[in-house]
$ cat my_file27.cif   # mmCIF, C-alpha atoms
data_start
loop_
_atom_site.label_atom_id
_atom_site.label_comp_id
_atom_site.auth_asym_id
_atom_site.auth_seq_id
_atom_site.Cartn_x
_atom_site.Cartn_y
_atom_site.Cartn_z
CA MET D 985 147.05 233.48 172.20
CA ASP D 986 147.72 229.81 171.71
CA GLU D 987 144.78 229.69 169.34
CA LYS D 988 146.40 232.30 167.13
CA LYS D 989 149.60 230.34 167.01
CA THR D 990 147.77 227.10 166.21
CA SER D 991 145.68 228.88 163.71
CA GLN D 992 148.66 230.47 162.01
CA ALA D 993 150.65 227.27 162.02
CA ASP D 994 147.76 225.34 160.47
CA GLU D 995 147.16 228.04 157.89
CA GLY D 996 150.59 227.52 156.60
CA ASN D 997 149.93 223.80 156.13
CA GLY D 998 146.63 224.42 154.34
CA ALA D 999 144.66 222.38 156.96
CA GLU D 1000 141.42 223.82 158.17
CA LEU D 1001 141.16 224.45 161.86
CA ILE D 1002 137.96 223.29 163.64
CA THR D 1003 137.20 225.57 166.53
CA PRO D 1004 134.62 225.07 169.26
CA LYS D 1005 132.49 227.78 167.62
CA ARG D 1006 132.56 225.93 164.36
CA LYS D 1007 131.57 222.64 166.08
CA ALA D 1008 128.62 224.43 167.71
CA GLY D 1009 127.59 225.85 164.34
CA LYS D 1010 127.55 222.38 162.76
CA LYS D 1011 125.48 221.04 165.70
CA ILE D 1012 123.03 223.91 165.31
CA LEU D 1013 122.73 223.22 161.58
CA ALA D 1014 122.14 219.52 162.28
CA LEU D 1015 119.54 220.36 164.93
CA MET D 1016 117.82 222.81 162.58
CA GLU D 1017 117.64 220.15 159.87
CA GLU D 1018 116.29 217.68 162.41
CA LEU D 1019 113.71 220.28 163.54
CA GLU D 1020 112.60 220.93 159.95
CA SER D 1021 112.30 217.18 159.39
CA ALA D 1022 110.23 216.82 162.60
CA LYS D 1023 108.03 219.76 161.54
CA ALA D 1024 107.40 218.14 158.15
CA GLU D 1025 106.60 214.80 159.80
CA LEU D 1026 104.25 216.52 162.26
CA ALA D 1027 102.50 218.35 159.42
CA ASP D 1028 102.08 215.05 157.58
CA LYS D 1029 100.73 213.27 160.69
CA THR D 1030 98.41 216.21 161.45
CA ASP D 1031 97.07 216.11 157.89
CA LYS D 1032 96.47 212.34 158.15
CA PHE D 1033 94.77 212.79 161.52
CA LEU D 1034 92.47 215.54 160.20
CA ARG D 1035 91.54 213.42 157.18
CA LEU D 1036 90.83 210.44 159.44
CA ALA D 1037 88.71 212.60 161.76
CA ALA D 1038 86.75 213.95 158.77
CA ASP D 1039 86.25 210.41 157.42
CA TYR D 1040 85.00 209.27 160.82
CA ASP D 1041 82.64 212.24 161.08
CA ASN D 1042 81.23 211.50 157.61
CA PHE D 1043 80.86 207.80 158.53
CA ARG D 1044 79.06 208.71 161.76
CA LYS D 1045 76.69 211.10 159.96
CA ARG D 1046 75.98 208.48 157.26
CA LYS D 1047 75.18 205.85 159.92
CA ILE D 1048 72.85 208.26 161.72
CA ARG D 1049 71.05 208.97 158.43
CA GLU D 1050 70.79 205.24 157.67
CA PHE D 1051 69.47 204.53 161.18
CA ASP D 1052 66.88 207.32 160.92
CA GLU D 1053 65.79 205.93 157.56
CA LEU D 1054 65.58 202.42 158.99
CA VAL D 1055 63.46 203.62 161.91
CA ALA D 1056 61.18 205.56 159.56
CA THR D 1057 60.53 202.48 157.41
CA ALA D 1058 60.85 199.74 160.04
CA ASN D 1059 57.11 199.23 160.38
CA GLU D 1060 56.49 199.17 156.63
CA LYS D 1061 56.15 195.35 156.45
CA LEU D 1062 53.81 195.29 159.43
CA ILE D 1063 51.67 198.12 158.06
CA LEU D 1064 51.43 196.43 154.65
CA GLN D 1065 50.07 193.35 156.46
CA LEU D 1066 47.59 195.44 158.47
CA ILE D 1067 46.07 197.32 155.51
CA PRO D 1068 44.12 194.29 154.16
CA ILE D 1069 42.79 193.67 157.67
CA VAL D 1070 41.58 197.28 157.87
CA ASP D 1071 39.92 196.74 154.47
CA ASP D 1072 38.14 193.66 155.85
CA PHE D 1073 36.92 195.67 158.86
CA GLU D 1074 35.55 198.36 156.56
CA ARG D 1075 33.71 195.74 154.45
CA ALA D 1076 32.31 194.06 157.59
CA LEU D 1077 31.05 197.38 158.96
CA ALA D 1078 29.51 198.37 155.62
CA SER D 1079 27.81 194.98 155.39
CA ALA D 1080 26.47 195.25 158.96
CA ARG D 1081 24.86 198.61 158.15
CA HIS D 1082 22.86 197.07 155.28
CA THR D 1083 21.80 193.75 156.79
CA GLN D 1084 20.24 192.37 159.93
CA ASP D 1085 22.16 189.06 159.72
CA ILE D 1086 24.20 189.14 162.94
CA ASP D 1087 25.59 185.63 162.42
CA SER D 1088 27.36 186.52 159.16
CA PHE D 1089 28.65 189.73 160.76
CA LEU D 1090 30.07 187.75 163.69
CA GLN D 1091 31.64 185.24 161.30
CA GLY D 1092 33.31 188.12 159.46
CA ILE D 1093 34.64 189.63 162.69
CA ASP D 1094 35.90 186.19 163.78
CA MET D 1095 37.69 185.78 160.45
CA ILE D 1096 39.32 189.20 160.84
CA GLN D 1097 40.44 188.34 164.38
CA ARG D 1098 42.10 185.15 163.05
CA GLN D 1099 43.82 187.20 160.32
CA VAL D 1100 45.21 189.58 162.93
CA MET D 1101 46.49 186.73 165.10
CA GLU D 1102 48.12 184.99 162.10
CA MET D 1103 49.82 188.24 161.10
CA LEU D 1104 51.06 188.79 164.67
CA THR D 1105 52.35 185.22 164.83
CA ARG D 1106 54.32 185.78 161.61
CA GLN D 1107 55.87 188.81 163.32
CA GLY D 1108 56.97 186.72 166.33
CA VAL D 1109 54.10 187.57 168.70
CA GLN D 1110 52.85 184.74 170.92
CA GLU D 1111 50.02 184.59 173.43
CA ILE D 1112 51.07 183.83 177.01
CA GLU D 1113 49.46 180.67 178.37
CA ALA D 1114 47.80 181.61 181.63
CA LYS D 1115 44.72 179.60 182.63
CA ASP D 1116 45.50 176.56 184.78
CA GLN D 1117 49.21 177.47 184.84
CA VAL D 1118 51.38 178.05 187.91
CA PHE D 1119 51.55 181.79 188.60
CA ASP D 1120 54.78 183.31 187.23
CA PRO D 1121 55.28 187.00 188.10
CA HIS D 1122 57.50 187.42 185.02
CA ILE D 1123 54.63 186.74 182.62
CA HIS D 1124 51.51 187.09 184.79
CA GLU D 1125 50.09 190.07 186.66
CA ALA D 1126 47.84 189.08 189.54
CA VAL D 1127 44.88 191.44 189.70
CA MET D 1128 42.97 189.40 192.26
CA VAL D 1129 43.46 186.45 194.61
CA MET D 1130 40.67 183.95 195.04
CA GLU D 1131 40.33 181.11 197.51
CA LYS D 1132 39.41 177.84 195.78
CA GLU D 1133 39.41 174.52 197.58
CA ASP D 1134 39.88 172.26 194.58
CA VAL D 1135 42.79 174.30 193.13
CA PRO D 1136 46.34 174.33 194.52
CA PRO D 1137 47.76 177.68 195.72
CA ASP D 1138 49.45 180.00 193.21
CA GLN D 1139 47.49 178.55 190.31
CA VAL D 1140 45.94 180.82 187.66
CA VAL D 1141 42.20 180.24 187.86
CA GLU D 1142 41.02 182.92 185.44
CA GLU D 1143 42.53 185.10 182.72
CA ILE D 1144 41.21 188.67 182.79
CA GLN D 1145 43.35 189.98 179.90
CA LYS D 1146 45.64 188.06 177.55
CA GLY D 1147 49.36 188.63 177.68
CA TYR D 1148 51.77 188.57 174.74
CA THR D 1149 55.46 188.06 174.04
CA LEU D 1150 57.51 189.20 171.08
CA ASN D 1151 60.37 186.83 170.34
CA ASN D 1152 60.29 185.61 173.98
CA LYS D 1153 60.25 189.15 175.42
CA VAL D 1154 57.12 190.03 177.41
CA LEU D 1155 55.20 192.79 175.68
CA ARG D 1156 52.28 192.68 178.06
CA ALA D 1157 51.84 190.41 181.07
CA ALA D 1158 48.64 188.42 181.29
CA LYS D 1159 46.26 189.84 183.91
CA VAL D 1160 45.05 186.92 185.99
CA VAL D 1161 43.16 185.76 189.05
CA VAL D 1162 45.32 183.51 191.26
CA SER D 1163 44.26 180.87 193.76
CA LYS D 1164 45.15 181.28 197.41
#
$ encode --input "my_file27.cif" --output "structure tokens"
Amino acid sequence: MDEKKTSQADEGNGAELITPKRKAGKKILALMEELESAKAELADKTDKFLRLAADYDNFRKRKIREFDELVATANEKLILQLIPIVDDFERALASARHTQDIDSFLQGIDMIQRQVMEMLTRQGVQEIEAKDQVFDPHIHEAVMVMEKEDVPPDQVVEEIQKGYTLNNKVLRAAKVVVSK
């Protein structure tokens, strides 16, 4: 009843009466505007996130393609260096079929072996020194132990198969006979 009196008294003055319902309505409107603003911001952030995810996926796929291409052509330089050596082998074999001169055949094979070793050296391949070296299990593989009086223990006395490294990484350990 007091509200009616206040309301009627204020109506006469021309002043607008703010009721609790009206305050709640303004708060709701402000909250709705804030919600719409938050929805728009979320939509914008979602769009940016989806674009970023798509860009990343495209980048990842491109890198996979580039890597596959690199792997497919990685040996190209090495193969181009091997082809002339294969040609030399073919010439040596053809020559050996038509001649009885073993010395020239052996010289040709020796030359080809040097070509191969030079090519491997250019690629970073090195022979592992074994004979007369102290046995090192990281680069040597002992296939036999031999007792020798004039040689100290754990000394490589014979190399059965050469070992190789590629840029200081052991590709194949040298197979050796070790003194006891």
$ atom_distance --input "my_file27.cif" --atom1 "atom CA of Val1118 of chain D" --atom2 "atom CA of Met1101 of chain D"
24.9 Å
$ closest_residue --input "my_file27.cif" --among "D:Glu1125, D:Glu1133, D:Glu1050, D:Glu1020" --to "Ile1112 of chain D" --atoms "all atoms listed in the file"
D:Glu1125
$ atom_distance --input "my_file27.cif" --atom1 "atom CA of Val1161 of chain D" --atom2 "atom CA of Val1135 of chain D"
12.2 Å
$ atom_distance --input "my_file27.cif" --atom1 "atom CA of Val1162 of chain D" --atom2 "atom CA of Pro1121 of chain D"
11.0 Å
$ resolve_selection --input "my_file27.cif" --expression "the PyMOL selection byres ((chain D and resi 1127) around 8)" --output "list of chain:residue names"
D:Glu1125, D:Ala1126, D:Met1128, D:Val1129, D:Lys1159, D:Val1160, D:Val1161
$ residues_around --input "my_file27.cif" --residues "Val1154 of chain D" --least-positions-apart "4" --cutoff "10 Å" --atoms "all atoms listed in the file" --output "list in words"
Val1109, Gln1110, Glu1111, Ile1112, His1122, Ile1123, His1124, Gly1147, Tyr1148, Thr1149, Leu1150 and Ala1158 of chain D
$ closest_atom_pairs --input "my_file27.cif" --of "segment 1017-1082 of chain D" --to "segment 1086-1096 of chain D" --cutoff "12 Å" --atoms "all atoms listed in the file" --output "Markdown table"
| residue | atom | partner | partner_atom | distance |
| --- | --- | --- | --- | --- |
| D:Leu1066 | CA | D:Ile1096 | CA | 10.6 |
| D:Ile1067 | CA | D:Ile1096 | CA | 11.8 |
| D:Pro1068 | CA | D:Ile1096 | CA | 9.7 |
| D:Ile1069 | CA | D:Ile1096 | CA | 6.5 |
| D:Val1070 | CA | D:Ile1096 | CA | 8.9 |
| D:Asp1071 | CA | D:Ile1096 | CA | 9.9 |
| D:Asp1072 | CA | D:Ile1096 | CA | 6.8 |
| D:Phe1073 | CA | D:Ile1096 | CA | 7.2 |
| D:Glu1074 | CA | D:Ile1093 | CA | 10.7 |
| D:Arg1075 | CA | D:Gly1092 | CA | 9.1 |
| D:Ala1076 | CA | D:Gly1092 | CA | 6.3 |
| D:Leu1077 | CA | D:Phe1089 | CA | 8.2 |
| D:Ala1078 | CA | D:Phe1089 | CA | 10.1 |
| D:Ser1079 | CA | D:Phe1089 | CA | 7.6 |
| D:Ala1080 | CA | D:Phe1089 | CA | 6.2 |
| D:Arg1081 | CA | D:Phe1089 | CA | 10.0 |
| D:His1082 | CA | D:Phe1089 | CA | 10.8 |
$ write_last_selection --input "my_file27.cif" --atoms "C-alpha atoms" --output "PDB file, in the frame of the given file"
ATOM      1  CA  LEU D1066      47.590 195.440 158.470  1.00  0.00           C
ATOM      2  CA  ILE D1067      46.070 197.320 155.510  1.00  0.00           C
ATOM      3  CA  PRO D1068      44.120 194.290 154.160  1.00  0.00           C
ATOM      4  CA  ILE D1069      42.790 193.670 157.670  1.00  0.00           C
ATOM      5  CA  VAL D1070      41.580 197.280 157.870  1.00  0.00           C
ATOM      6  CA  ASP D1071      39.920 196.740 154.470  1.00  0.00           C
ATOM      7  CA  ASP D1072      38.140 193.660 155.850  1.00  0.00           C
ATOM      8  CA  PHE D1073      36.920 195.670 158.860  1.00  0.00           C
ATOM      9  CA  GLU D1074      35.550 198.360 156.560  1.00  0.00           C
ATOM     10  CA  ARG D1075      33.710 195.740 154.450  1.00  0.00           C
ATOM     11  CA  ALA D1076      32.310 194.060 157.590  1.00  0.00           C
ATOM     12  CA  LEU D1077      31.050 197.380 158.960  1.00  0.00           C
ATOM     13  CA  ALA D1078      29.510 198.370 155.620  1.00  0.00           C
ATOM     14  CA  SER D1079      27.810 194.980 155.390  1.00  0.00           C
ATOM     15  CA  ALA D1080      26.470 195.250 158.960  1.00  0.00           C
ATOM     16  CA  ARG D1081      24.860 198.610 158.150  1.00  0.00           C
ATOM     17  CA  HIS D1082      22.860 197.070 155.280  1.00  0.00           C
TER      18      HIS D1082
END
